[in-house]
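Raw start_29.pdb, PDB, C-alpha atoms:
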MODEL        1
ATOM      1  CA  ALA A1178       0.000   0.000   0.000
ATOM      2  CA  GLU A1179       2.871   2.347   0.836
ATOM      3  CA  LYS A1180       4.478   1.496  -2.493
ATOM      4  CA  ALA A1181       1.245   2.273  -4.379
ATOM      5  CA  ALA A1182       0.898   5.593  -2.533
ATOM      6  CA  LYS A1183       4.482   6.531  -3.439
ATOM      7  CA  GLU A1184       3.877   5.639  -7.093
ATOM      8  CA  GLY A1185       0.667   7.708  -7.049
ATOM      9  CA  GLY A1186       2.585  10.638  -5.594
ATOM     10  CA  LYS A1187       5.246  10.299  -8.281
ATOM     11  CA  GLU A1188       2.572  10.317 -10.999
ATOM     12  CA  LYS A1189       0.969  13.482  -9.567
ATOM     13  CA  LYS A1190       4.387  15.137  -9.355
ATOM     14  CA  ALA A1191       5.134  14.131 -12.949
ATOM     15  CA  LYS A1192       1.818  15.632 -14.105
ATOM     16  CA  LYS A1193       2.584  18.875 -12.275
ATOM     17  CA  GLU A1194       5.984  19.050 -13.946
ATOM     18  CA  GLU A1195       4.463  18.358 -17.386
ATOM     19  CA  ALA A1196       1.808  21.095 -17.068
ATOM     20  CA  PRO A1197       4.199  24.081 -17.092
ATOM     21  CA  LYS A1198       6.041  22.542 -20.041
ATOM     22  CA  GLU A1199       2.818  22.375 -22.121
ATOM     23  CA  LYS A1200       1.936  25.928 -21.095
ATOM     24  CA  LYS A1201       5.402  27.121 -22.097
ATOM     25  CA  GLU A1202       5.113  25.475 -25.522
ATOM     26  CA  LYS A1203       1.707  27.100 -26.042
ATOM     27  CA  SER A1204       3.001  30.552 -25.157
ATOM     28  CA  SER A1205       6.016  30.225 -27.465
ATOM     29  CA  SER A1206       3.833  29.197 -30.415
ATOM     30  CA  SER A1207       1.457  32.161 -29.892
ATOM     31  CA  GLY A1208       4.041  34.712 -31.031
ATOM     32  CA  VAL A1209       5.926  35.189 -34.298
ATOM     33  CA  PRO A1210       7.488  31.887 -35.526
ATOM     34  CA  LYS A1211      11.268  31.803 -35.112
ATOM     35  CA  ASN A1212      11.882  29.597 -38.157
ATOM     36  CA  GLY A1213      10.227  27.881 -41.088
ATOM     37  CA  PHE A1214       9.415  24.716 -39.152
ATOM     38  CA  GLU A1215       7.435  26.634 -36.498
ATOM     39  CA  LEU A1216       5.526  28.448 -39.241
ATOM     40  CA  PHE A1217       4.843  25.111 -40.960
ATOM     41  CA  CYS A1218       3.522  23.664 -37.667
ATOM     42  CA  ASN A1219       1.271  26.718 -37.100
ATOM     43  CA  HIS A1220      -0.247  26.215 -40.555
ATOM     44  CA  ASN A1221      -0.772  22.437 -40.285
ATOM     45  CA  ARG A1222      -1.290  21.642 -36.575
ATOM     46  CA  SER A1223      -5.113  21.888 -36.678
ATOM     47  CA  LYS A1224      -5.293  19.667 -39.792
ATOM     48  CA  VAL A1225      -3.082  16.997 -38.216
ATOM     49  CA  GLN A1226      -5.106  17.102 -34.965
ATOM     50  CA  GLU A1227      -8.370  16.663 -36.890
ATOM     51  CA  ALA A1228      -6.896  13.716 -38.804
ATOM     52  CA  ASN A1229      -5.597  12.133 -35.582
ATOM     53  CA  PRO A1230      -8.222  12.640 -32.827
ATOM     54  CA  GLY A1231      -7.170  11.620 -29.326
ATOM     55  CA  VAL A1232      -3.453  11.660 -30.155
ATOM     56  CA  GLY A1233      -1.117  13.406 -27.693
ATOM     57  CA  ALA A1234       0.842  16.594 -28.381
ATOM     58  CA  SER A1235       4.188  14.789 -28.629
ATOM     59  CA  ASP A1236       2.809  12.388 -31.247
ATOM     60  CA  ILE A1237       1.329  15.324 -33.211
ATOM     61  CA  ALA A1238       4.738  17.020 -33.132
ATOM     62  CA  ALA A1239       6.391  13.836 -34.379
ATOM     63  CA  VAL A1240       3.913  13.589 -37.274
ATOM     64  CA  MET A1241       4.537  17.211 -38.297
ATOM     65  CA  LEU A1242       8.300  16.698 -38.051
ATOM     66  CA  GLU A1243       8.008  13.761 -40.411
ATOM     67  CA  MET A1244       5.858  15.867 -42.771
ATOM     68  CA  TRP A1245       8.489  18.626 -42.642
ATOM     69  CA  LYS A1246      11.258  16.174 -43.537
ATOM     70  CA  ASN A1247       9.241  14.883 -46.484
ATOM     71  CA  LEU A1248       8.749  18.404 -47.871
ATOM     72  CA  LYS A1249      10.741  19.447 -50.888
ATOM     73  CA  GLU A1250      13.723  21.706 -50.245
ATOM     74  CA  GLU A1251      12.065  24.487 -52.222
ATOM     75  CA  SER A1252       8.911  24.363 -50.054
ATOM     76  CA  ARG A1253      10.936  24.369 -46.808
ATOM     77  CA  LYS A1254      12.890  27.382 -48.107
ATOM     78  CA  LYS A1255       9.650  29.275 -48.727
ATOM     79  CA  PHE A1256       8.554  28.712 -45.115
ATOM     80  CA  ASP A1257      12.008  29.776 -43.864
ATOM     81  CA  ASN A1258      11.980  32.990 -45.921
ATOM     82  CA  LYS A1259       8.452  33.851 -44.806
ATOM     83  CA  ALA A1260       9.347  33.303 -41.145
ATOM     84  CA  GLN A1261      12.437  35.517 -41.508
ATOM     85  CA  ASN A1262      10.315  38.281 -43.098
ATOM     86  CA  MET A1263       7.775  38.050 -40.273
ATOM     87  CA  LEU A1264      10.566  38.324 -37.689
ATOM     88  CA  LYS A1265      12.003  41.335 -39.525
ATOM     89  CA  GLU A1266       8.602  43.071 -39.686
ATOM     90  CA  LYS A1267       8.024  42.385 -35.988
ATOM     91  CA  ALA A1268      11.442  43.857 -35.142
ATOM     92  CA  GLU A1269      10.730  46.962 -37.257
ATOM     93  CA  GLU A1270       7.341  47.413 -35.566
ATOM     94  CA  ALA A1271       8.958  47.115 -32.146
ATOM     95  CA  GLU A1272      11.653  49.626 -33.134
ATOM     96  CA  GLU A1273       9.037  52.064 -34.441
ATOM     97  CA  ALA A1274       6.948  51.700 -31.288
ATOM     98  CA  GLU A1275      10.030  52.355 -29.161
ATOM     99  CA  ALA A1276      10.864  55.468 -31.215
ATOM    100  CA  MET A1277       7.293  56.775 -30.829
ATOM    101  CA  LYS A1278       7.426  56.096 -27.094
ATOM    102  CA  LYS A1279      10.712  57.990 -26.818
ATOM    103  CA  ALA A1280       9.345  60.927 -28.859
ATOM    104  CA  SER A1281       6.256  61.039 -26.644
ATOM    105  CA  LYS A1282       8.406  61.170 -23.510
ATOM    106  CA  GLU A1283      10.534  63.966 -24.969
ATOM    107  CA  LYS A1284       7.422  65.927 -25.934
ATOM    108  CA  LYS A1285       5.943  65.593 -22.441
ATOM    109  CA  ALA A1286       9.238  66.659 -20.898
ATOM    110  CA  LYS A1287       9.379  69.698 -23.199
ATOM    111  CA  GLU A1288       5.780  70.649 -22.359
ATOM    112  CA  LYS A1289       6.559  70.333 -18.672
ATOM    113  CA  GLU A1290       9.640  72.527 -19.096
ATOM    114  CA  SER A1291       7.658  75.154 -21.012
ATOM    115  CA  LYS A1292       5.064  75.286 -18.223
ATOM    116  CA  ILE A1293       7.805  75.918 -15.699
ATOM    117  CA  VAL A1294       9.072  78.813 -17.832
ATOM    118  CA  ARG A1295       5.581  80.322 -17.925
ATOM    119  CA  VAL A1296       5.401  80.288 -14.129
ATOM    120  CA  ASP A1297       8.752  82.095 -13.930
ATOM    121  CA  ASP A1298       7.602  84.628 -16.534
ATOM    122  CA  ALA A1299       4.498  85.408 -14.478
ATOM    123  CA  SER A1300       6.578  86.750 -11.578
ATOM    124  CA  SER A1301       6.162  90.437 -10.771
ATOM    125  CA  SER A1302       9.866  91.220 -11.301
ATOM    126  CA  ASP A1303       9.924  89.709 -14.806
ATOM    127  CA  GLU A1304       6.343  90.355 -15.950
ATOM    128  CA  GLY A1305       7.139  92.033 -19.263
ATOM    129  CA  ARG A1306       9.500  89.318 -20.482
ATOM    130  CA  ASN A1307       8.627  87.427 -23.671
ATOM    131  CA  HIS A1308       8.380  83.651 -23.769
ATOM    132  CA  ASP A1309      11.500  81.540 -24.341
ATOM    133  CA  TYR A1310       9.540  79.243 -26.664
ATOM    134  CA  CYS A1311       7.429  79.665 -29.805
ATOM    135  CA  ASP A1312       3.750  80.136 -28.970
ATOM    136  CA  LYS A1313       2.797  78.232 -32.149
ATOM    137  CA  CYS A1314       5.056  75.134 -32.206
ATOM    138  CA  GLY A1315       6.306  75.161 -28.603
ATOM    139  CA  ASN A1316      10.004  74.867 -29.510
ATOM    140  CA  ALA A1317      12.872  77.178 -28.554
ATOM    141  CA  GLY A1318      15.220  78.985 -30.962
ATOM    142  CA  ASP A1319      15.524  82.405 -32.609
ATOM    143  CA  LEU A1320      12.215  84.102 -31.841
ATOM    144  CA  ALA A1321      10.403  87.270 -32.900
ATOM    145  CA  CYS A1322       9.020  88.905 -29.743
ATOM    146  CA  CYS A1323       5.683  90.728 -29.710
ATOM    147  CA  ASP A1324       5.796  94.269 -28.294
ATOM    148  CA  GLY A1325       2.238  94.035 -27.013
ATOM    149  CA  CYS A1326       2.280  90.762 -25.025
ATOM    150  CA  PRO A1327       4.686  88.007 -23.843
ATOM    151  CA  ALA A1328       4.137  85.959 -27.023
ATOM    152  CA  ALA A1329       7.085  84.982 -29.240
ATOM    153  CA  TYR A1330       7.248  83.145 -32.565
ATOM    154  CA  HIS A1331       9.739  81.603 -34.955
ATOM    155  CA  PRO A1332       9.780  83.742 -38.127
ATOM    156  CA  ARG A1333       8.916  80.623 -40.166
ATOM    157  CA  CYS A1334       5.864  79.981 -37.952
ATOM    158  CA  ILE A1335       4.415  83.384 -38.940
ATOM    159  CA  ASN A1336       5.447  83.055 -42.598
ATOM    160  CA  VAL A1337       8.367  85.514 -42.393
ATOM    161  CA  LYS A1338      11.888  84.813 -43.670
ATOM    162  CA  SER A1339      13.619  86.794 -40.941
ATOM    163  CA  ALA A1340      12.650  88.676 -37.769
ATOM    164  CA  ALA A1341      14.643  91.638 -39.123
ATOM    165  CA  LEU A1342      11.950  92.120 -41.791
ATOM    166  CA  LEU A1343       9.238  92.777 -39.180
ATOM    167  CA  PRO A1344       8.260  96.378 -38.301
ATOM    168  CA  ASP A1345       9.399  97.982 -35.079
ATOM    169  CA  PRO A1346       7.318  97.836 -32.923
ATOM    170  CA  TRP A1347       5.791  94.545 -34.036
ATOM    171  CA  PHE A1348       2.519  93.134 -32.701
ATOM    172  CA  CYS A1349       1.270  89.568 -32.975
ATOM    173  CA  GLU A1350      -2.085  88.763 -34.581
ATOM    174  CA  ALA A1351      -3.907  88.683 -31.216
ATOM    175  CA  CYS A1352      -2.547  92.102 -30.230
ATOM    176  CA  GLU A1353      -3.463  93.549 -33.636
ATOM    177  CA  GLU A1354      -7.051  92.432 -33.060
ATOM    178  CA  LEU A1355      -7.029  94.158 -29.662
ATOM    179  CA  ARG A1356      -5.632  97.344 -31.209
ATOM    180  CA  LYS A1357      -8.304  97.354 -33.910
ATOM    181  CA  ALA A1358     -10.983  96.943 -31.246
ATOM    182  CA  GLY A1359      -9.520  99.875 -29.290
ATOM    183  CA  LYS A1360      -8.624  97.681 -26.312
ATOM    184  CA  ARG A1361      -5.538  97.850 -24.124
ATOM    185  CA  LEU A1362      -2.679  95.418 -24.713
ATOM    186  CA  PRO A1363      -1.326  92.987 -22.077
ATOM    187  CA  ASN A1364       1.982  94.870 -21.806
ATOM    188  CA  GLU A1365       0.196  98.136 -21.016
ATOM    189  CA  TYR A1366       2.850  99.056 -18.441
ATOM    190  CA  GLY A1367       5.633  99.023 -21.080
ATOM    191  CA  GLU A1368       6.260 100.482 -24.515
ATOM    192  CA  THR A1369       3.457  99.216 -26.700
ATOM    193  CA  GLY A1370       3.945 101.336 -29.792
ATOM    194  CA  PRO A1371       1.446 103.896 -31.144
ATOM    195  CA  PRO A1372      -1.841 103.968 -29.201
ATOM    196  CA  ALA A1373      -4.821 102.317 -30.796
ATOM    197  CA  PRO A1374      -7.532 104.714 -32.052
ATOM    198  CA  ALA A1375     -10.458 105.239 -29.703
ATOM    199  CA  ALA A1376     -13.627 103.387 -30.593
ATOM    200  CA  SER A1377     -15.702 106.615 -30.592
ATOM    201  CA  GLU A1378     -13.389 108.310 -33.116
ATOM    202  CA  ARG A1379     -13.549 105.306 -35.415
ATOM    203  CA  GLU A1380     -17.351 105.265 -35.219
ATOM    204  CA  LYS A1381     -17.449 108.986 -36.035
ATOM    205  CA  GLU A1382     -15.213 108.430 -39.037
ATOM    206  CA  GLU A1383     -17.439 105.603 -40.320
ATOM    207  CA  LYS A1384     -20.563 107.726 -39.797
ATOM    208  CA  ARG A1385     -18.999 110.643 -41.655
ATOM    209  CA  GLU A1386     -18.067 108.391 -44.575
ATOM    210  CA  LYS A1387     -21.605 107.014 -44.745
ATOM    211  CA  GLU A1388     -23.098 110.534 -44.771
ATOM    212  CA  GLU A1389     -20.740 111.627 -47.524
ATOM    213  CA  LYS A1390     -21.688 108.574 -49.538
ATOM    214  CA  ARG A1391     -25.415 109.245 -49.120
ATOM    215  CA  GLU A1392     -24.931 112.921 -50.069
ATOM    216  CA  LYS A1393     -23.010 111.920 -53.162
ATOM    217  CA  GLU A1394     -25.714 109.442 -54.201
ATOM    218  CA  LYS A1395     -28.386 112.086 -53.621
ATOM    219  CA  ARG A1396     -26.603 114.662 -55.837
ATOM    220  CA  GLU A1397     -26.097 112.038 -58.532
ATOM    221  CA  LYS A1398     -29.795 111.147 -58.432
ATOM    222  CA  GLU A1399     -30.852 114.788 -58.716
ATOM    223  CA  ARG A1400     -28.506 115.300 -61.661
ATOM    224  CA  ARG A1401     -29.965 112.297 -63.528
ATOM    225  CA  GLU A1402     -33.557 113.436 -62.884
ATOM    226  CA  LYS A1403     -32.721 116.931 -64.201
ATOM    227  CA  GLU A1404     -31.175 115.505 -67.371
ATOM    228  CA  GLU A1405     -34.198 113.253 -67.978
ATOM    229  CA  LYS A1406     -36.575 116.222 -67.508
ATOM    230  CA  GLN A1407     -34.609 118.367 -69.999
ATOM    231  CA  SER A1408     -34.608 115.591 -72.575
ATOM    232  CA  LYS A1409     -38.422 115.272 -72.377
ATOM    233  CA  THR A1410     -39.032 119.046 -72.700
ATOM    234  CA  VAL A1411     -39.106 119.627 -76.551
ATOM    235  CA  SER A1412     -40.723 122.698 -78.239
ATOM    236  CA  THR A1413     -43.927 121.814 -80.189
ATOM    237  CA  PRO A1414     -44.021 123.049 -83.899
ATOM    238  CA  PRO A1415     -46.773 125.687 -84.908
ATOM    239  CA  GLU A1416     -48.585 123.248 -87.216
ATOM    240  CA  SER A1417     -49.080 120.726 -84.463
ATOM    241  CA  ARG A1418     -50.482 123.525 -82.232
ATOM    242  CA  GLU A1419     -53.144 124.414 -84.880
ATOM    243  CA  GLU A1420     -54.130 120.790 -85.149
ATOM    244  CA  GLU A1421     -54.576 120.677 -81.434
ATOM    245  CA  ARG A1422     -56.896 123.734 -81.530
ATOM    246  CA  VAL A1423     -59.045 122.254 -84.359
ATOM    247  CA  GLY A1424     -59.371 119.036 -82.488
TER
ENDMDL
END
Written as structure tokens, that's how I'd like the structure from this file.
Amino acid sequence: AEKAAKEGGKEKKAKKEEAPKEKKEKSSSSGVPKNGFELFCNHNRSKVQEANPGVGASDIAAVMLEMWKNLKEESRKKFDNKAQNMLKEKAEEAEEAEAMKKASKEKKAKEKESKIVRVDDASSSDEGRNHDYCDKCGNAGDLACCDGCPAAYHPRCINVKSAALLPDPWFCEACEELRKAGKRLPNEYGETGPPAPAASEREKEEKREKEEKREKEKREKERREKEEKQSKTVSTPPESREEERVG
């Protein structure tokens, strides 16, 4: 009885040792095949299992190995080449994913750094300082600084060949909109260039232009009516007057 119990224990232990091995083989076959034989097995395993129901995994492997040996050299070479191409594609995908991951980390680090710069720029002692990065692309470099706000841009980002070609003072698009609306610029404590025209003066100018336009249209209308009236006024001959009296 003790002998039977020991043998039973050995069998259980053997089964436990076999289980991880089968699991390991399954996990290795789930990825990209390392060679032509693995690719051949992946393609034909289900067919062999259907043709041999109830047969163990080791016997199935032996059958496929025999099938592989019986293949022509040309067919085996095709499987080998295809497996190599799949490995190469997988390696390229992994390399590309790693590059994208690295680029994403660098971008996040740059964004974090730019936020830190903004906090420093917001201090009271350095309030009028322009940004150390481009407000459009977020990168550093040679920048054109706006005279109306802390914004700064690469010349190429605002479609300019060189910052030297910009007027002095120069205002970014946002500041130009504020100036047109007659509003104060963010850097109101510093030199902001010529003051923007007051809204009331601009409205007066527009009103004056509209009145002049209406007056011009009115004079033109009166001139046309006068010409039409003169063209209709024609002297009637004496004969036609006599005929009118007889009638």
Just the number, please: distance in Å from atom CA of Lys1254 of chain A to atom CA of Gly1213 of chain A, one decimal. 7.5 Å
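Distance annotation: of A:Pro1210, A:Val1240, A:Lys1390, A:Glu1405, the residue with the minimal separation from Arg1222 of chain A is A:Val1240; atom set is only C-alpha atoms.
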Residues in the PyMOL selection byres ((chain A and resi 1238) around 12), expressed as a VMD selection string: chain A and resid 1202 1214 to 1215 1217 to 1219 1221 to 1223 1225 to 1226 1229 1232 to 1237 1239 to 1245
Kindly give the distance, in Å, that separates atom CA of Asn1316 of chain A and atom CA of Trp1347 of chain A, rounded to a single decimal.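 Value for the atom CA of Asn1316 of chain A-atom CA of Trp1347 of chain A distance: 20.6 Å.
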So how far away is atom CA of His1308 of chain A from atom CA of Ile1335 of chain A, in Å? 15.7 Å
9 Å contact set for Glu1353 of chain A, all atoms listed in the file, chain neighbours under 5 positions out, as a count of residues only: 3
Name the closest residue to Pro1363 of chain A among the candidates A:Pro1346, A:Arg1401, A:Asn1307, A:Glu1389; distances are taken between atoms, counting only C-alpha atoms.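 Of the candidates, the smallest distance to Pro1363 of chain A is held by A:Asn1307.
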